[in-house]
$ cat protein28.pdb   # PDB, C-alpha atoms, pLDDT in the B column
MODEL        1
ATOM      1  CA  MET A  99      -9.931-186.678-125.942  1.00 48.00           C
ATOM      2  CA  SER A 100      -8.460-188.826-123.240  1.00 54.00           C
ATOM      3  CA  GLY A 101      -9.731-189.454-119.724  1.00 57.00           C
ATOM      4  CA  PRO A 102      -8.115-188.188-116.547  1.00 65.00           C
ATOM      5  CA  GLN A 103      -4.423-188.963-116.333  1.00 70.00           C
ATOM      6  CA  GLN A 104      -3.089-190.930-113.402  1.00 76.00           C
ATOM      7  CA  VAL A 105      -0.320-189.266-111.447  1.00 75.00           C
ATOM      8  CA  ASN A 106       2.032-191.038-109.089  1.00 82.00           C
ATOM      9  CA  LEU A 107       1.499-189.239-105.774  1.00 82.00           C
ATOM     10  CA  THR A 108       5.069-189.854-104.658  1.00 81.00           C
ATOM     11  CA  ASP A 109       6.305-187.732-107.597  1.00 83.00           C
ATOM     12  CA  LEU A 110       4.496-184.633-106.264  1.00 84.00           C
ATOM     13  CA  ASP A 111       5.872-182.208-103.696  1.00 86.00           C
ATOM     14  CA  LEU A 112       3.949-181.254-100.527  1.00 87.00           C
ATOM     15  CA  ALA A 113       2.435-178.104-102.059  1.00 89.00           C
ATOM     16  CA  GLN A 114       1.077-180.089-105.010  1.00 90.00           C
ATOM     17  CA  LEU A 115      -0.194-182.804-102.658  1.00 90.00           C
ATOM     18  CA  ALA A 116      -1.983-180.125-100.626  1.00 91.00           C
ATOM     19  CA  ASP A 117      -3.673-178.884-103.811  1.00 93.00           C
ATOM     20  CA  VAL A 118      -4.752-182.420-104.692  1.00 92.00           C
ATOM     21  CA  ARG A 119      -6.080-182.866-101.155  1.00 94.00           C
ATOM     22  CA  LYS A 120      -8.079-179.647-101.418  1.00 96.00           C
ATOM     23  CA  GLN A 121      -9.571-180.811-104.718  1.00 94.00           C
ATOM     24  CA  LEU A 122     -10.438-184.228-103.257  1.00 94.00           C
ATOM     25  CA  ASP A 123     -12.050-182.543-100.234  1.00 96.00           C
ATOM     26  CA  GLU A 124     -14.208-180.409-102.539  1.00 96.00           C
ATOM     27  CA  GLU A 125     -15.209-183.434-104.619  1.00 96.00           C
ATOM     28  CA  LEU A 126     -16.069-185.440-101.502  1.00 96.00           C
ATOM     29  CA  THR A 127     -18.142-182.562-100.143  1.00 97.00           C
ATOM     30  CA  HIS A 128     -20.052-182.272-103.414  1.00 97.00           C
ATOM     31  CA  LEU A 129     -20.646-186.023-103.689  1.00 97.00           C
ATOM     32  CA  THR A 130     -21.772-186.273-100.062  1.00 96.00           C
ATOM     33  CA  SER A 131     -24.164-183.358-100.529  1.00 97.00           C
ATOM     34  CA  SER A 132     -25.615-184.985-103.651  1.00 96.00           C
ATOM     35  CA  PHE A 133     -25.981-188.259-101.769  1.00 96.00           C
ATOM     36  CA  GLN A 134     -27.903-186.555 -98.961  1.00 97.00           C
ATOM     37  CA  GLN A 135     -30.165-184.760-101.434  1.00 97.00           C
ATOM     38  CA  LEU A 136     -30.994-187.997-103.241  1.00 97.00           C
ATOM     39  CA  LYS A 137     -31.771-189.689 -99.922  1.00 97.00           C
ATOM     40  CA  ALA A 138     -34.113-186.796 -99.019  1.00 97.00           C
ATOM     41  CA  VAL A 139     -35.940-187.076-102.352  1.00 96.00           C
ATOM     42  CA  GLN A 140     -36.191-190.843-101.888  1.00 97.00           C
ATOM     43  CA  ALA A 141     -37.776-190.293 -98.451  1.00 97.00           C
ATOM     44  CA  LYS A 142     -40.236-187.835-100.031  1.00 96.00           C
ATOM     45  CA  PHE A 143     -41.310-190.439-102.600  1.00 97.00           C
ATOM     46  CA  ARG A 144     -41.691-193.077 -99.874  1.00 97.00           C
ATOM     47  CA  ASN A 145     -43.899-190.622 -97.993  1.00 97.00           C
ATOM     48  CA  CYS A 146     -46.005-190.194-101.149  1.00 96.00           C
ATOM     49  CA  ILE A 147     -46.510-193.971-101.331  1.00 96.00           C
ATOM     50  CA  GLU A 148     -47.562-194.016 -97.690  1.00 94.00           C
ATOM     51  CA  CYS A 149     -50.055-191.201 -98.319  1.00 91.00           C
ATOM     52  CA  VAL A 150     -51.524-193.120-101.272  1.00 91.00           C
ATOM     53  CA  ARG A 151     -51.939-196.178 -99.006  1.00 90.00           C
ATOM     54  CA  GLU A 152     -53.698-194.074 -96.388  1.00 86.00           C
ATOM     55  CA  LEU A 153     -56.014-192.620 -99.030  1.00 85.00           C
ATOM     56  CA  LYS A 154     -57.534-196.008 -99.895  1.00 80.00           C
ATOM     57  CA  GLY A 155     -61.051-196.132 -98.506  1.00 70.00           C
ATOM     58  CA  GLY A 156     -60.888-192.537 -97.306  1.00 63.00           C
ATOM     59  CA  GLN A 157     -63.919-191.273 -99.230  1.00 65.00           C
ATOM     60  CA  SER A 158     -65.474-189.214 -96.437  1.00 68.00           C
ATOM     61  CA  LYS A 159     -62.290-188.506 -94.526  1.00 75.00           C
ATOM     62  CA  PRO A 160     -61.833-184.832 -93.590  1.00 81.00           C
ATOM     63  CA  VAL A 161     -58.564-183.245 -94.730  1.00 86.00           C
ATOM     64  CA  LEU A 162     -56.778-179.914 -94.459  1.00 91.00           C
ATOM     65  CA  VAL A 163     -56.054-178.347 -97.843  1.00 92.00           C
ATOM     66  CA  PRO A 164     -52.944-176.144 -97.849  1.00 93.00           C
ATOM     67  CA  LEU A 165     -53.321-172.710 -99.392  1.00 95.00           C
ATOM     68  CA  THR A 166     -49.825-171.626 -98.321  1.00 95.00           C
ATOM     69  CA  ASN A 167     -47.133-173.169 -96.111  1.00 92.00           C
ATOM     70  CA  SER A 168     -49.006-172.032 -93.022  1.00 95.00           C
ATOM     71  CA  LEU A 169     -52.624-171.484 -94.152  1.00 96.00           C
ATOM     72  CA  TYR A 170     -55.121-174.345 -94.518  1.00 96.00           C
ATOM     73  CA  VAL A 171     -58.831-174.794 -95.179  1.00 97.00           C
ATOM     74  CA  PRO A 172     -60.927-177.829 -94.243  1.00 94.00           C
ATOM     75  CA  GLY A 173     -61.981-180.118 -97.068  1.00 91.00           C
ATOM     76  CA  LYS A 174     -63.372-183.545 -97.903  1.00 86.00           C
ATOM     77  CA  ILE A 175     -62.067-186.107-100.361  1.00 85.00           C
ATOM     78  CA  THR A 176     -64.581-186.577-103.160  1.00 83.00           C
ATOM     79  CA  ASP A 177     -62.614-189.039-105.337  1.00 83.00           C
ATOM     80  CA  ALA A 178     -60.511-191.498-103.354  1.00 84.00           C
ATOM     81  CA  GLU A 179     -59.791-193.628-106.429  1.00 88.00           C
ATOM     82  CA  SER A 180     -57.402-191.250-108.187  1.00 90.00           C
ATOM     83  CA  VAL A 181     -54.805-188.614-107.379  1.00 92.00           C
ATOM     84  CA  ILE A 182     -52.992-185.861-109.244  1.00 94.00           C
ATOM     85  CA  VAL A 183     -49.260-186.643-109.479  1.00 96.00           C
ATOM     86  CA  ASP A 184     -46.528-184.072-110.058  1.00 94.00           C
ATOM     87  CA  VAL A 185     -44.467-185.716-112.812  1.00 91.00           C
ATOM     88  CA  GLY A 186     -41.932-182.885-112.968  1.00 88.00           C
ATOM     89  CA  THR A 187     -41.317-179.519-114.627  1.00 92.00           C
ATOM     90  CA  GLY A 188     -44.767-178.229-113.718  1.00 90.00           C
ATOM     91  CA  TYR A 189     -46.749-181.110-115.255  1.00 95.00           C
ATOM     92  CA  TYR A 190     -49.440-182.942-113.309  1.00 96.00           C
ATOM     93  CA  VAL A 191     -51.127-186.189-114.320  1.00 97.00           C
ATOM     94  CA  LYS A 192     -54.260-187.841-112.952  1.00 96.00           C
ATOM     95  CA  LYS A 193     -53.472-191.432-111.931  1.00 96.00           C
ATOM     96  CA  THR A 194     -55.274-194.222-110.143  1.00 95.00           C
ATOM     97  CA  LEU A 195     -53.912-195.182-106.734  1.00 94.00           C
ATOM     98  CA  PRO A 196     -52.064-198.270-108.084  1.00 95.00           C
ATOM     99  CA  GLN A 197     -50.612-196.172-110.945  1.00 96.00           C
ATOM    100  CA  ALA A 198     -49.438-193.522-108.488  1.00 96.00           C
ATOM    101  CA  THR A 199     -47.826-196.171-106.275  1.00 96.00           C
ATOM    102  CA  ALA A 200     -46.100-197.701-109.314  1.00 97.00           C
ATOM    103  CA  HIS A 201     -44.909-194.249-110.412  1.00 97.00           C
ATOM    104  CA  TYR A 202     -43.296-193.521-107.047  1.00 97.00           C
ATOM    105  CA  ASN A 203     -41.824-197.028-106.797  1.00 97.00           C
ATOM    106  CA  ALA A 204     -40.196-196.509-110.214  1.00 97.00           C
ATOM    107  CA  LYS A 205     -38.772-193.179-109.028  1.00 96.00           C
ATOM    108  CA  ILE A 206     -37.368-194.842-105.892  1.00 97.00           C
ATOM    109  CA  THR A 207     -35.796-197.630-107.959  1.00 97.00           C
ATOM    110  CA  TYR A 208     -34.174-195.075-110.261  1.00 97.00           C
ATOM    111  CA  LEU A 209     -32.850-193.145-107.264  1.00 97.00           C
ATOM    112  CA  ASN A 210     -31.455-196.378-105.778  1.00 96.00           C
ATOM    113  CA  THR A 211     -29.251-196.877-108.840  1.00 96.00           C
ATOM    114  CA  ASN A 212     -27.972-193.288-108.593  1.00 95.00           C
ATOM    115  CA  ILE A 213     -27.404-193.608-104.852  1.00 97.00           C
ATOM    116  CA  SER A 214     -25.452-196.839-105.367  1.00 96.00           C
ATOM    117  CA  ALA A 215     -23.262-195.172-107.998  1.00 96.00           C
ATOM    118  CA  LEU A 216     -22.665-192.229-105.657  1.00 96.00           C
ATOM    119  CA  GLU A 217     -21.762-194.559-102.786  1.00 96.00           C
ATOM    120  CA  GLU A 218     -19.153-196.214-105.008  1.00 96.00           C
ATOM    121  CA  ALA A 219     -17.752-192.846-106.098  1.00 96.00           C
ATOM    122  CA  ILE A 220     -17.586-191.619-102.490  1.00 96.00           C
ATOM    123  CA  ALA A 221     -15.832-194.817-101.371  1.00 96.00           C
ATOM    124  CA  LYS A 222     -13.277-194.461-104.186  1.00 95.00           C
ATOM    125  CA  LYS A 223     -12.627-190.796-103.336  1.00 95.00           C
ATOM    126  CA  GLN A 224     -12.221-191.693 -99.649  1.00 96.00           C
ATOM    127  CA  GLU A 225      -9.774-194.422-100.611  1.00 95.00           C
ATOM    128  CA  ASN A 226      -7.855-191.910-102.741  1.00 93.00           C
ATOM    129  CA  MET A 227      -7.864-189.452 -99.831  1.00 94.00           C
ATOM    130  CA  GLY A 228      -6.436-192.104 -97.509  1.00 94.00           C
ATOM    131  CA  SER A 229      -3.628-192.854 -99.966  1.00 92.00           C
ATOM    132  CA  LEU A 230      -2.933-189.153-100.392  1.00 92.00           C
ATOM    133  CA  ILE A 231      -2.740-188.570 -96.626  1.00 92.00           C
ATOM    134  CA  ASN A 232      -0.357-191.527 -96.254  1.00 92.00           C
ATOM    135  CA  VAL A 233       1.950-190.104 -98.928  1.00 91.00           C
ATOM    136  CA  MET A 234       1.777-186.635 -97.359  1.00 91.00           C
ATOM    137  CA  GLN A 235       2.688-188.033 -93.940  1.00 91.00           C
ATOM    138  CA  ALA A 236       5.598-189.971 -95.427  1.00 89.00           C
ATOM    139  CA  LYS A 237       6.843-186.823 -97.190  1.00 86.00           C
ATOM    140  CA  VAL A 238       6.598-184.784 -93.968  1.00 88.00           C
ATOM    141  CA  GLN A 239       8.512-187.471 -92.039  1.00 88.00           C
ATOM    142  CA  GLU A 240      11.109-187.653 -94.798  1.00 84.00           C
ATOM    143  CA  ALA A 241      11.529-183.874 -94.736  1.00 79.00           C
ATOM    144  CA  GLY A 242      11.793-183.949 -90.941  1.00 79.00           C
ATOM    145  CA  ALA A 243      14.478-186.639 -91.068  1.00 80.00           C
ATOM    146  CA  LYS A 244      16.533-184.579 -93.523  1.00 77.00           C
ATOM    147  CA  ALA A 245      16.346-181.492 -91.313  1.00 65.00           C
TER     148      ALA A 245
ENDMDL
END

$ encode --input "protein28.pdb" --output "structure tokens"
Amino acid sequence: MSGPQQVNLTDLDLAQLADVRKQLDEELTHLTSSFQQLKAVQAKFRNCIECVRELKGGQSKPVLVPLTNSLYVPGKITDAESVIVDVGTGYYVKKTLPQATAHYNAKITYLNTNISALEEAIAKKQENMGSLINVMQAKVQEAGAKA
């Protein structure tokens, strides 16, 4: 199997260029959406780290325990030295506060590599879109000059 073939944009007619533009638009939309989702998850993990920091020394601190999205009961922290961490796919693990912080820092680092790769892909697609638009404009001007 070979990779994607490169096509010279100037060899395509306007209808084909429009199809390529539509495909590039869809790809850019998907990549941008993925980028935003990864940024949101990264912010969630940073918030988890901040909550772990606030928990230190909070032995008798009152808290609200969520039962649903809008229903809470008052509670007290009985063990401020460990937390239960959602490690994915319905699994939870008891970790010390430093372990929990390290876990979330590792997640953030992993997300940073994915975000960087997405940024590069988005920049390349935007560059391709710019080239495509330039070729389309040249073709329209050329067609207008012939008419």

$ residues_around --input "protein28.pdb" --residues "Leu112 (chain A)" --least-positions-apart "3" --cutoff "10 Å" --atoms "only C-alpha atoms" --output "list in words"
Leu107, Thr108, Asp109, Leu115, Ala116, Asp117, Val118, Val233, Met234, Gln235, Lys237, Val238 and Ala241 of chain A

$ atom_distance --input "protein28.pdb" --atom1 "CA of Ile182 (chain A)" --atom2 "CA of Lys142 (chain A)"
15.9 Å

$ axis_aligned_box --input "protein28.pdb" --around "region 104-121 of chain A" --padding-each-side "5 Å" --output "JSON"
{"center_x": -1.6, "center_y": -184.6, "center_z": -107.0, "size_x": 25.9, "size_y": 22.9, "size_z": 22.9}

$ atom_distance --input "protein28.pdb" --atom1 "CA of Lys159 (chain A)" --atom2 "CA of Ala178 (chain A)"
9.5 Å

$ atom_distance --input "protein28.pdb" --atom1 "CA of Val163 (chain A)" --atom2 "CA of Thr187 (chain A)"
22.4 Å

$ residues_around --input "protein28.pdb" --residues "region 206-223 of chain A" --least-positions-apart "2" --cutoff "7 Å" --atoms "only C-alpha atoms" --output "ChimeraX atom specification"
/A:122,126,129,133,136,140,143,202-204,225-227

$ closest_residue --input "protein28.pdb" --among "A:Asn167, A:His128, A:Ile147, A:Lys205" --to "Val185 (chain A)" --atoms "all atoms listed in the file"
A:Lys205

$ residues_around --input "protein28.pdb" --residues "Val183 (chain A)" --least-positions-apart "4" --cutoff "10 Å" --atoms "only C-alpha atoms" --output "list in words"
Cys146, Tyr189, Tyr190, Val191, Lys192, Lys193, Thr194, Gln197, Ala198, His201 and Tyr202 of chain A

$ resolve_selection --input "protein28.pdb" --expression "the PyMOL selection byres ((chain A and resi 162) around 7)" --output "PDB file with C-alpha atoms, in the coordinates of the input"
ATOM      1  CA  VAL A 161     -58.564-183.245 -94.730  1.00 86.00           C
ATOM      2  CA  VAL A 163     -56.054-178.347 -97.843  1.00 92.00           C
ATOM      3  CA  PRO A 164     -52.944-176.144 -97.849  1.00 93.00           C
ATOM      4  CA  TYR A 170     -55.121-174.345 -94.518  1.00 96.00           C
ATOM      5  CA  VAL A 171     -58.831-174.794 -95.179  1.00 97.00           C
ATOM      6  CA  PRO A 172     -60.927-177.829 -94.243  1.00 94.00           C
ATOM      7  CA  GLY A 173     -61.981-180.118 -97.068  1.00 91.00           C
TER       8      GLY A 173
END

$ closest_residue --input "protein28.pdb" --among "A:Glu152, A:Gln121, A:Val181, A:Gln103" --to "Leu230 (chain A)" --atoms "all atoms listed in the file"
A:Gln121

$ closest_residue --input "protein28.pdb" --among "A:Ser131, A:Thr199, A:Glu179, A:Gln239" --to "Asn145 (chain A)" --atoms "all atoms listed in the file"
A:Thr199
